[in-house]
>>> print(open('work-v1.cif').read())   # mmCIF, C-alpha atoms and all ligand atoms
data_target
#
loop_
_atom_site.label_atom_id
_atom_site.label_comp_id
_atom_site.auth_asym_id
_atom_site.auth_seq_id
_atom_site.Cartn_x
_atom_site.Cartn_y
_atom_site.Cartn_z
CA MET A 140 0.00 0.00 0.00
CA ASN A 141 1.43 3.41 -0.79
CA SER A 142 1.55 6.42 1.55
CA GLN A 143 -0.90 6.38 4.42
CA PRO A 144 -3.98 8.67 4.30
CA ARG A 145 -3.23 12.11 5.68
CA ARG A 146 -5.10 11.86 9.01
CA VAL A 147 -5.27 15.30 10.55
CA GLU A 148 -6.66 14.63 14.05
CA ASN A 149 -9.37 12.81 16.03
CA LEU A 150 -12.30 14.83 17.40
CA GLN A 151 -14.12 13.53 20.48
CA THR A 152 -17.85 14.12 19.83
CA ASP A 153 -21.08 13.06 21.53
CA LYS A 154 -21.38 10.43 18.78
CA GLY A 155 -17.92 8.97 19.44
CA SER A 156 -14.37 9.62 18.25
CA VAL A 157 -14.38 11.10 14.74
CA PRO A 158 -11.21 11.23 12.59
CA VAL A 159 -10.83 14.43 10.58
CA TYR A 160 -8.83 14.43 7.35
CA ALA A 161 -7.47 16.96 4.91
CA THR A 162 -10.38 18.06 2.74
CA GLY A 163 -8.69 18.14 -0.67
CA VAL A 164 -9.79 16.05 -3.65
CA VAL A 165 -7.24 13.35 -4.52
CA GLU A 166 -6.73 11.21 -7.61
CA GLN A 167 -7.47 7.52 -7.00
CA PRO A 168 -3.98 5.94 -6.83
CA TRP A 169 -5.27 2.86 -8.62
CA ALA A 170 -1.87 1.63 -9.84
CA ASP A 171 -0.59 1.73 -6.23
CA TYR A 172 -3.20 -0.62 -4.78
CA SER A 173 -1.51 -3.80 -3.58
CA ALA A 174 -2.68 -7.38 -4.22
CA THR A 175 -3.81 -7.36 -0.58
CA ASP A 176 -5.97 -4.30 -1.20
CA HIS A 177 -7.67 -5.95 -4.17
CA ASP A 178 -8.07 -9.13 -2.14
CA VAL A 179 -9.77 -7.26 0.73
CA TRP A 180 -12.15 -5.71 -1.84
CA ARG A 181 -12.90 -9.14 -3.34
CA GLN A 182 -13.52 -10.82 0.03
CA LEU A 183 -15.81 -8.03 1.24
CA TYR A 184 -17.66 -7.77 -2.08
CA GLU A 185 -18.34 -11.50 -2.41
CA ARG A 186 -19.36 -11.87 1.26
CA GLN A 187 -21.71 -8.92 1.19
CA ARG A 188 -23.33 -9.83 -2.13
CA GLU A 189 -24.03 -13.31 -0.76
CA ILE A 190 -25.62 -11.89 2.41
CA LEU A 191 -27.54 -9.11 0.64
CA VAL A 192 -29.54 -11.13 -1.87
CA GLY A 193 -32.90 -11.34 -0.08
CA ARG A 194 -31.87 -8.64 2.43
CA ALA A 195 -30.96 -5.57 0.34
CA SER A 196 -33.62 -3.58 -1.51
CA ASP A 197 -34.23 -4.47 -5.14
CA GLU A 198 -33.13 -0.96 -6.15
CA PHE A 199 -29.76 -1.47 -4.48
CA LEU A 200 -29.03 -4.84 -6.11
CA VAL A 201 -30.21 -3.69 -9.56
CA ALA A 202 -28.17 -0.48 -9.33
CA GLN A 203 -25.03 -2.30 -8.20
CA ASP A 204 -25.21 -4.64 -11.19
CA ALA A 205 -25.90 -1.67 -13.49
CA MET A 206 -22.70 -0.03 -12.18
CA GLY A 207 -20.71 -2.89 -13.62
CA MET A 208 -18.92 -3.42 -10.29
CA THR A 209 -17.21 -6.79 -9.87
CA PRO A 210 -15.37 -8.54 -7.03
CA ASP A 211 -12.30 -9.08 -9.26
CA ARG A 212 -10.56 -5.83 -8.34
CA ILE A 213 -11.11 -2.41 -6.83
CA PRO A 214 -13.13 -0.47 -9.42
CA LYS A 215 -11.61 2.55 -11.13
CA PHE A 216 -13.44 5.78 -10.26
CA THR A 217 -12.99 6.89 -13.89
CA ASP A 218 -14.82 3.79 -15.18
CA LEU A 219 -17.70 4.19 -12.75
CA ASN A 220 -17.96 7.92 -13.49
CA ARG A 221 -18.66 7.28 -17.15
CA VAL A 222 -21.67 5.15 -16.17
CA MET A 223 -22.91 7.39 -13.36
CA ARG A 224 -22.68 10.69 -15.24
CA ASP A 225 -24.89 9.28 -18.00
CA ALA A 226 -27.38 7.78 -15.55
CA THR A 227 -27.92 10.57 -13.00
CA GLY A 228 -25.23 13.23 -13.46
CA TRP A 229 -23.31 12.11 -10.36
CA GLU A 230 -19.57 11.56 -10.20
CA ILE A 231 -17.14 10.10 -7.67
CA ILE A 232 -14.27 12.19 -6.31
CA GLY A 233 -11.38 10.74 -4.30
CA VAL A 234 -10.84 12.06 -0.76
CA GLU A 235 -8.59 11.26 2.21
CA GLY A 236 -11.50 10.25 4.45
CA LEU A 237 -14.26 11.77 6.57
CA LEU A 238 -14.88 15.41 5.69
CA PRO A 239 -16.21 18.33 7.72
CA GLU A 240 -19.96 18.44 7.20
CA LEU A 241 -20.10 21.65 5.16
CA VAL A 242 -17.46 20.38 2.71
CA PHE A 243 -19.34 17.11 2.42
CA PHE A 244 -22.71 18.79 1.87
CA ASP A 245 -21.28 21.08 -0.79
CA HIS A 246 -20.02 18.06 -2.74
CA LEU A 247 -23.42 16.36 -2.54
CA ALA A 248 -25.20 19.55 -3.63
CA ASN A 249 -23.02 19.48 -6.76
CA ARG A 250 -23.58 15.75 -7.40
CA ARG A 251 -20.06 14.79 -6.36
CA PHE A 252 -19.84 11.81 -4.01
CA PRO A 253 -16.62 11.75 -1.94
CA VAL A 254 -15.09 8.27 -1.87
CA THR A 255 -12.17 7.50 0.43
CA TRP A 256 -9.24 6.41 -1.77
CA TRP A 257 -7.84 3.77 0.68
CA ILE A 258 -9.34 0.42 1.65
CA ARG A 259 -9.24 -1.13 5.12
CA LYS A 260 -6.57 -3.61 6.23
CA PRO A 261 -7.27 -7.39 6.31
CA GLU A 262 -7.46 -7.27 10.12
CA GLN A 263 -10.28 -4.69 9.82
CA ILE A 264 -12.36 -6.87 7.48
CA ASP A 265 -15.21 -7.24 9.94
CA TYR A 266 -15.35 -3.73 11.30
CA ILE A 267 -13.91 -0.30 10.70
CA SER A 268 -15.29 2.75 12.53
CA GLU A 269 -14.82 5.23 9.67
CA PRO A 270 -15.79 5.24 5.99
CA ASP A 271 -13.16 3.51 3.84
CA LEU A 272 -13.30 2.82 0.09
CA PHE A 273 -15.42 -0.29 0.54
CA HIS A 274 -18.07 1.46 2.64
CA ASP A 275 -18.30 4.36 0.19
CA LEU A 276 -17.98 2.53 -3.12
CA PHE A 277 -19.92 -0.64 -2.31
CA GLY A 278 -22.33 1.01 0.13
CA HIS A 279 -23.10 4.52 -1.10
CA VAL A 280 -22.33 4.70 -4.82
CA PRO A 281 -24.74 2.13 -6.33
CA LEU A 282 -27.93 3.89 -5.25
CA LEU A 283 -26.70 7.06 -6.95
CA MET A 284 -27.66 5.23 -10.15
CA ASN A 285 -31.30 5.37 -9.02
CA PRO A 286 -32.73 8.68 -10.33
CA LEU A 287 -35.05 9.26 -7.37
CA PHE A 288 -32.39 8.53 -4.75
CA ALA A 289 -29.81 10.51 -6.74
CA ASP A 290 -32.12 13.54 -6.59
CA TYR A 291 -32.70 12.98 -2.87
CA MET A 292 -28.96 13.02 -2.21
CA ALA A 293 -28.44 16.24 -4.21
CA SER A 294 -31.30 18.02 -2.48
CA TYR A 295 -30.01 16.68 0.85
CA GLY A 296 -26.68 18.34 0.08
CA ARG A 297 -28.38 21.67 -0.68
CA GLY A 298 -30.32 21.34 2.57
CA GLY A 299 -27.08 20.65 4.41
CA VAL A 300 -25.40 23.77 3.12
CA LYS A 301 -28.48 25.75 4.18
CA ALA A 302 -28.63 24.07 7.61
CA HIS A 303 -24.98 24.91 8.15
CA GLY A 304 -25.87 28.57 7.61
CA ILE A 305 -28.73 28.33 10.13
CA GLY A 306 -26.60 26.86 12.91
CA GLU A 307 -25.40 23.85 14.90
CA HIS A 308 -28.87 22.75 15.98
CA ALA A 309 -30.23 22.62 12.42
CA LEU A 310 -27.08 20.78 11.33
CA GLN A 311 -27.53 18.20 14.06
CA ASN A 312 -31.15 17.62 12.98
CA LEU A 313 -30.07 17.16 9.38
CA THR A 314 -27.16 14.80 10.08
CA ARG A 315 -29.62 12.60 12.00
CA LEU A 316 -31.79 12.47 8.87
CA TYR A 317 -28.76 11.32 6.88
CA TRP A 318 -27.85 8.77 9.53
CA TYR A 319 -31.30 7.15 9.77
CA THR A 320 -31.95 7.10 6.01
CA VAL A 321 -28.82 7.16 3.82
CA GLU A 322 -26.67 5.24 6.30
CA PHE A 323 -29.10 3.02 8.25
CA GLY A 324 -32.43 3.14 6.41
CA LEU A 325 -34.78 0.19 5.83
CA ILE A 326 -37.51 0.03 3.18
CA GLN A 327 -40.77 -1.97 3.24
CA GLN A 328 -41.08 -3.94 -0.01
CA LYS A 329 -44.10 -6.07 -0.99
CA ASP A 330 -42.03 -9.18 -0.33
CA GLY A 331 -40.66 -7.99 3.03
CA LEU A 332 -38.42 -5.60 4.88
CA ARG A 333 -35.20 -4.71 3.01
CA ILE A 334 -32.03 -2.66 3.55
CA TYR A 335 -31.04 0.43 1.59
CA GLY A 336 -28.73 2.16 4.12
CA SER A 337 -25.04 2.18 3.16
CA GLY A 338 -23.78 1.73 6.70
CA ILE A 339 -25.74 -1.54 6.84
CA VAL A 340 -25.05 -2.96 3.36
CA SER A 341 -21.30 -2.56 3.90
CA SER A 342 -21.44 -4.40 7.25
CA LYS A 343 -21.87 -8.18 7.50
CA GLY A 344 -23.08 -8.18 11.09
CA GLU A 345 -25.50 -5.32 10.80
CA SER A 346 -26.98 -6.61 7.50
CA ILE A 347 -28.22 -9.59 9.50
CA HIS A 348 -28.88 -7.84 12.82
CA CYS A 349 -31.08 -5.04 11.40
CA LEU A 350 -33.63 -7.47 9.91
CA GLU A 351 -33.40 -10.58 12.06
CA SER A 352 -32.46 -9.51 15.60
CA ASP A 353 -35.22 -8.99 18.18
CA ALA A 354 -33.17 -6.26 19.90
CA PRO A 355 -33.70 -3.13 17.79
CA ASN A 356 -36.88 -1.11 17.33
CA ARG A 357 -38.23 -0.78 13.79
CA ILE A 358 -40.35 2.34 13.39
CA GLY A 359 -42.15 3.84 10.40
CA PHE A 360 -40.41 6.85 8.83
CA ASP A 361 -41.31 10.19 10.46
CA LEU A 362 -39.15 13.16 9.49
CA GLU A 363 -39.30 15.14 12.72
CA ARG A 364 -39.02 12.04 14.90
CA ILE A 365 -35.83 11.11 13.05
CA MET A 366 -34.42 14.62 13.31
CA ARG A 367 -34.84 14.44 17.11
CA THR A 368 -33.32 10.98 17.54
CA ARG A 369 -29.75 10.66 18.80
CA TYR A 370 -27.29 8.00 17.59
CA ARG A 371 -23.75 6.67 18.14
CA ILE A 372 -21.36 5.88 15.33
CA ASP A 373 -19.66 2.93 17.04
CA THR A 374 -22.50 0.50 17.83
CA TYR A 375 -25.31 -1.27 15.96
CA GLN A 376 -28.36 0.95 15.74
CA LYS A 377 -30.95 0.63 18.51
CA THR A 378 -33.70 1.87 16.20
CA TYR A 379 -34.18 1.54 12.44
CA PHE A 380 -36.62 3.75 10.53
CA VAL A 381 -38.57 2.23 7.66
CA ILE A 382 -39.69 4.05 4.50
CA ASP A 383 -42.46 2.73 2.27
CA SER A 384 -40.72 3.94 -0.91
CA PHE A 385 -38.08 6.35 -2.18
CA GLU A 386 -40.99 8.49 -3.38
CA GLN A 387 -42.09 8.82 0.27
CA LEU A 388 -38.54 9.87 1.24
CA MET A 389 -38.46 12.49 -1.52
CA GLU A 390 -41.90 13.89 -0.69
CA ALA A 391 -41.25 14.01 3.06
CA THR A 392 -38.03 15.97 2.60
CA ASP A 393 -39.32 18.35 -0.07
CA PRO A 394 -40.56 21.19 2.18
CA ASP A 395 -38.33 23.94 3.55
CA PHE A 396 -36.95 22.67 6.87
CA THR A 397 -36.52 26.08 8.48
CA PRO A 398 -39.83 26.02 10.39
CA ILE A 399 -39.17 22.40 11.37
CA TYR A 400 -35.79 23.31 12.85
CA ALA A 401 -37.46 26.12 14.80
CA ARG A 402 -40.09 23.71 16.19
CA LEU A 403 -37.50 21.05 17.06
CA ALA A 404 -35.34 23.62 18.87
CA THR A 405 -38.06 23.77 21.53
CA GLN A 406 -38.16 19.97 21.99
CA ASP A 407 -35.78 17.54 23.68
CA SER A 408 -33.82 15.04 21.59
CA VAL A 409 -34.88 11.39 21.85
CA PRO A 410 -32.54 8.63 23.09
CA ALA A 411 -31.63 6.18 20.31
CA GLY A 412 -33.45 3.26 21.94
CA ASP A 413 -36.70 4.98 22.94
CA VAL A 414 -40.15 4.13 21.57
CA ARG A 415 -42.67 6.96 21.83
CA ASP A 416 -46.48 6.79 22.05
CA ASP A 417 -47.02 8.36 18.64
CA ASP A 418 -44.48 6.12 16.85
CA ARG A 419 -45.72 3.85 14.03
CA VAL A 420 -44.10 0.82 15.69
CA LEU A 421 -43.42 -2.06 13.31
CA HIS A 422 -41.33 -3.91 15.90
CA ARG A 423 -40.66 -2.96 19.52
CA GLY A 424 -37.14 -4.13 20.27
CA SER A 425 -36.21 -6.23 23.28
CA GLY A 426 -33.13 -4.05 23.84
CA GLU A 427 -31.21 -7.27 24.47
CA GLY A 428 -27.45 -6.82 24.31
CA TRP A 429 -27.49 -3.04 24.30
CA ALA A 430 -24.41 -1.78 26.08
CA SER A 431 -25.62 0.21 29.10
CA ASP A 432 -22.70 2.65 28.81
CA GLY A 433 -22.66 5.07 25.91
CA ASP A 434 -26.42 5.08 26.07
CA VAL A 435 -27.51 7.86 23.80
N1 LIG B 501 -17.41 12.66 4.90
N2 LIG B 501 -16.12 11.56 3.31
C1 LIG B 501 -17.26 11.64 4.03
N3 LIG B 501 -18.21 10.70 3.89
C2 LIG B 501 -19.37 10.74 4.61
O1 LIG B 501 -20.25 9.87 4.47
C3 LIG B 501 -19.56 11.81 5.52
C4 LIG B 501 -18.55 12.77 5.64
N4 LIG B 501 -18.68 13.79 6.51
C5 LIG B 501 -19.87 13.97 7.33
C6 LIG B 501 -20.87 12.89 7.15
N5 LIG B 501 -20.70 11.90 6.27
C7 LIG B 501 -22.10 12.83 7.99
O2 LIG B 501 -21.93 13.57 9.18
C8 LIG B 501 -23.33 13.34 7.27
O3 LIG B 501 -24.42 13.31 8.15
C9 LIG B 501 -23.14 14.73 6.82
FE FE B 502 -21.34 6.60 4.81
#
>>> encode(input="work-v1.cif", output="C-alpha cells")
Amino acid sequence: MNSQPRRVENLQTDKGSVPVYATGVVEQPWADYSATDHDVWRQLYERQREILVGRASDEFLVAQDAMGMTPDRIPKFTDLNRVMRDATGWEIIGVEGLLPELVFFDHLANRRFPVTWWIRKPEQIDYISEPDLFHDLFGHVPLLMNPLFADYMASYGRGGVKAHGIGEHALQNLTRLYWYTVEFGLIQQKDGLRIYGSGIVSSKGESIHCLESDAPNRIGFDLERIMRTRYRIDTYQKTYFVIDSFEQLMEATDPDFTPIYARLATQDSVPAGDVRDDDRVLHRGSGEGWASDGDV
C-alpha cells in the first residue's frame, strides 16, 4: 500500500471519536493498490453480495449490477464515473476520508460523491469505525444510479449547506436524517423488509442484525421524529426507521426545513433506543445486548 492517508486529528464528539482528514480532492492511486488491497475488496464484495440477496432492496441490487462493479478488483473511479454521469449526473471524487460536514454537503449539492481512496486492512475486514473505500464505493455509490435517490442526495446536500448557515442545531437535525436514512435506512417492499442504508449494506453483522435480531426497534419513517433521535457511530443501531418507498422519502423531505428546525429547537432530543407513544411501531425491540454505557 502506498503512503498512508493524511489523518489530521481525532475529534471527540457526543457520537464517538471522529477522525478528521485533509479536505482536498485526490486522484485515485489505482496503480498503487496492492494485491492485498484488491483481495480485501474481493472478500468483502463476495461476502456482502451473498448476504444481501434477499436482504438488500431491489433498487440497491439492480443499481449495483448496473454499475458494472465486480469482485475481481477495486473499481476505477474513472470507469464508474462514465456510467454514473450518464445515468444521473453524479460523479465520484477521491478524498482522504471523513470530511467536515459543510465540505461534504457542498459536494453532494453538486452531485459529487466523496469516496475514500484507501481500503481497510485485512485485520479490519469485519469492522472499521470510519468510511473507507469499501463502505463508500460498495455502500453509497450504487444507489446514486437510481434517479429518485440521486435527486434525494443532491437536495439533501443543498439542505445541508443551508442548515450549516442556520446553525449547529439545524445541522444536528439534518445529520440525523442522513444517519437514519442514507446510512441506516430500511424500506418496506411487498415481499418484506429490506435494507437500503449504506452503513448496513457494507457491514456483514449489521446486515443480518437489522432485519433478524429482536433487539432493535423498527419504526415507520417520520421526518421530525428522526431529526430528534440521537445516535452513536460505534455500535449497531438501537432503532431503524422504515420508509415505504423512495418516493415517500423524496416527498417528506421536499418542504423547507426552516420552520421544522425552529419547532425542534423547543423539543428535547430522543434517546436512540426509545419508543414513543405516537411512533408507528413495526417492531418494539427487546433491547437485548445493548451496552448500558454510551447510552444515547
Ligand atoms: N465525509 N467523506 C465523508 N463521507 C461521509 O459519508 C460523511 C462525511 N462527513 C460527514 C458525514 N458523512 C455525515 O456527518 C453526514 O451526516 C453529513
Ligand atoms: Fe457513509
>>> residues_near_ligand(input="work-v1.cif", ligand="ligand FE 502 (chain B)", cutoff="8 Å", atoms="all atoms listed in the file", output="PyMOL selection string")
chain A and resi 270+274-275+278-279+321-322+337-338
>>> residues_around(input="work-v1.cif", residues="A:Ile372", least_positions_apart="4", cutoff="12 Å", atoms="all atoms listed in the file", output="list of chain:residue names")
A:Gln151, A:Thr152, A:Asp153, A:Lys154, A:Gly155, A:Ser156, A:Val157, A:Pro158, A:Ile267, A:Ser268, A:Glu269, A:Pro270, A:Thr314, A:Arg315, A:Trp318, A:Tyr319, A:Glu322, A:Phe323, A:Gly338, A:Gln376, A:Lys377, A:Ala411, A:Gly433, A:Asp434, A:Val435
>>> closest_residue(input="work-v1.cif", among="A:Pro410, A:Gly236, A:Pro355, A:Gly428", to="ligand LIG 501 (chain B)", atoms="all atoms listed in the file")
A:Gly236
>>> closest_residue(input="work-v1.cif", among="A:Arg357, A:Arg221, A:Arg333, A:Arg250", to="A:Ser196", atoms="all atoms listed in the file")
A:Arg333
>>> atom_distance(input="work-v1.cif", atom1="atom CA of A:Pro253", atom2="atom CA of A:Gly304")
21.4 Å
>>> residues_near_point(input="work-v1.cif", point="(-39.1, 22.7, 12.9)", cutoff="12 Å", atoms="only C-alpha atoms", output="ChimeraX atom specification")
/A:302,308-309,312-313,362-364,366-367,394-406
>>> axis_aligned_box(input="work-v1.cif", around="ligand LIG 501 (chain B)", padding_each_side="5 Å", output="AutoDock Vina command-line options")
--center_x -20.3 --center_y 12.3 --center_z 6.2 --size_x 18.3 --size_y 14.9 --size_z 15.9
>>> closest_residue(input="work-v1.cif", among="A:Ile347, A:Leu421, A:Ala170, A:Val340", to="A:Phe360", atoms="only C-alpha atoms")
A:Leu421
>>> closest_residue(input="work-v1.cif", among="A:Val192, A:Ala226, A:Met292, A:Ile213", to="ligand LIG 501 (chain B)", atoms="all atoms listed in the file")
A:Met292
>>> residues_around(input="work-v1.cif", residues="A:Gly299", least_positions_apart="2", cutoff="7 Å", atoms="only C-alpha atoms", output="list in words")
Phe244, Tyr295, Gly296, Arg297, Lys301, Ala302, His303, Leu310 and Leu313 of chain A
>>> decode(input="work-v1.cif", residues="stretch 227-238 of chain A", atoms="all heavy atoms", output="short mmCIF file (atom, residue, chain, number, x, y, z; two decimals), in the first residue's frame")
data_model
loop_
_atom_site.label_atom_id
_atom_site.label_comp_id
_atom_site.auth_asym_id
_atom_site.auth_seq_id
_atom_site.Cartn_x
_atom_site.Cartn_y
_atom_site.Cartn_z
N THR A 227 -27.28 9.58 -13.90
CA THR A 227 -27.92 10.57 -13.00
C THR A 227 -27.11 11.85 -12.81
O THR A 227 -27.45 12.67 -11.96
CB THR A 227 -28.09 9.93 -11.60
OG1 THR A 227 -26.80 9.53 -11.13
CG2 THR A 227 -29.05 8.75 -11.64
N GLY A 228 -26.01 11.99 -13.57
CA GLY A 228 -25.23 13.23 -13.46
C GLY A 228 -24.30 13.26 -12.26
O GLY A 228 -23.66 14.27 -11.98
N TRP A 229 -24.20 12.17 -11.52
CA TRP A 229 -23.31 12.11 -10.36
C TRP A 229 -21.91 11.67 -10.78
O TRP A 229 -21.75 11.00 -11.79
CB TRP A 229 -23.84 11.11 -9.32
CG TRP A 229 -24.84 11.72 -8.39
CD1 TRP A 229 -26.18 11.91 -8.63
CD2 TRP A 229 -24.59 12.26 -7.09
NE1 TRP A 229 -26.78 12.51 -7.55
CE2 TRP A 229 -25.83 12.74 -6.58
CE3 TRP A 229 -23.45 12.39 -6.27
CZ2 TRP A 229 -25.95 13.32 -5.32
CZ3 TRP A 229 -23.57 12.95 -5.02
CH2 TRP A 229 -24.81 13.43 -4.55
N GLU A 230 -20.92 12.09 -9.99
CA GLU A 230 -19.57 11.56 -10.20
C GLU A 230 -18.90 11.31 -8.86
O GLU A 230 -19.28 11.89 -7.83
CB GLU A 230 -18.72 12.54 -11.01
CG GLU A 230 -18.47 13.86 -10.33
CD GLU A 230 -17.39 14.68 -11.04
OE1 GLU A 230 -16.54 14.10 -11.74
OE2 GLU A 230 -17.42 15.92 -10.90
N ILE A 231 -17.93 10.43 -8.87
CA ILE A 231 -17.14 10.10 -7.67
C ILE A 231 -15.90 10.99 -7.66
O ILE A 231 -15.28 11.21 -8.71
CB ILE A 231 -16.66 8.64 -7.77
CG1 ILE A 231 -17.82 7.66 -7.63
CG2 ILE A 231 -15.59 8.33 -6.73
CD1 ILE A 231 -17.45 6.25 -8.05
N ILE A 232 -15.57 11.53 -6.47
CA ILE A 232 -14.27 12.19 -6.31
C ILE A 232 -13.52 11.47 -5.20
O ILE A 232 -14.14 10.99 -4.24
CB ILE A 232 -14.42 13.69 -5.96
CG1 ILE A 232 -15.35 13.87 -4.75
CG2 ILE A 232 -14.92 14.50 -7.14
CD1 ILE A 232 -15.27 15.23 -4.13
N GLY A 233 -12.21 11.39 -5.33
CA GLY A 233 -11.38 10.74 -4.30
C GLY A 233 -11.10 11.73 -3.17
O GLY A 233 -10.84 12.91 -3.42
N VAL A 234 -11.19 11.23 -1.92
CA VAL A 234 -10.84 12.06 -0.76
C VAL A 234 -10.02 11.24 0.23
O VAL A 234 -9.95 10.01 0.11
CB VAL A 234 -12.10 12.61 -0.04
CG1 VAL A 234 -12.85 13.61 -0.90
CG2 VAL A 234 -13.01 11.48 0.42
N GLU A 235 -9.43 11.95 1.21
CA GLU A 235 -8.59 11.26 2.21
C GLU A 235 -9.43 10.48 3.22
O GLU A 235 -8.96 9.50 3.79
CB GLU A 235 -7.77 12.31 2.99
CG GLU A 235 -6.76 13.05 2.16
CD GLU A 235 -5.57 12.16 1.76
OE1 GLU A 235 -5.47 11.02 2.27
OE2 GLU A 235 -4.78 12.61 0.94
N GLY A 236 -10.65 10.94 3.45
CA GLY A 236 -11.50 10.25 4.45
C GLY A 236 -12.65 11.16 4.84
O GLY A 236 -13.10 11.99 4.05
N LEU A 237 -13.11 11.00 6.08
CA LEU A 237 -14.26 11.77 6.57
C LEU A 237 -14.00 13.26 6.41
O LEU A 237 -12.89 13.74 6.68
CB LEU A 237 -14.43 11.43 8.07
CG LEU A 237 -15.86 11.38 8.61
CD1 LEU A 237 -16.74 10.47 7.81
CD2 LEU A 237 -15.86 10.98 10.06
N LEU A 238 -15.02 13.97 5.96
CA LEU A 238 -14.88 15.41 5.69
C LEU A 238 -15.73 16.22 6.68
O LEU A 238 -16.74 15.73 7.17
CB LEU A 238 -15.38 15.72 4.28
CG LEU A 238 -14.63 15.06 3.12
CD1 LEU A 238 -15.41 15.26 1.82
CD2 LEU A 238 -13.22 15.63 3.00
#
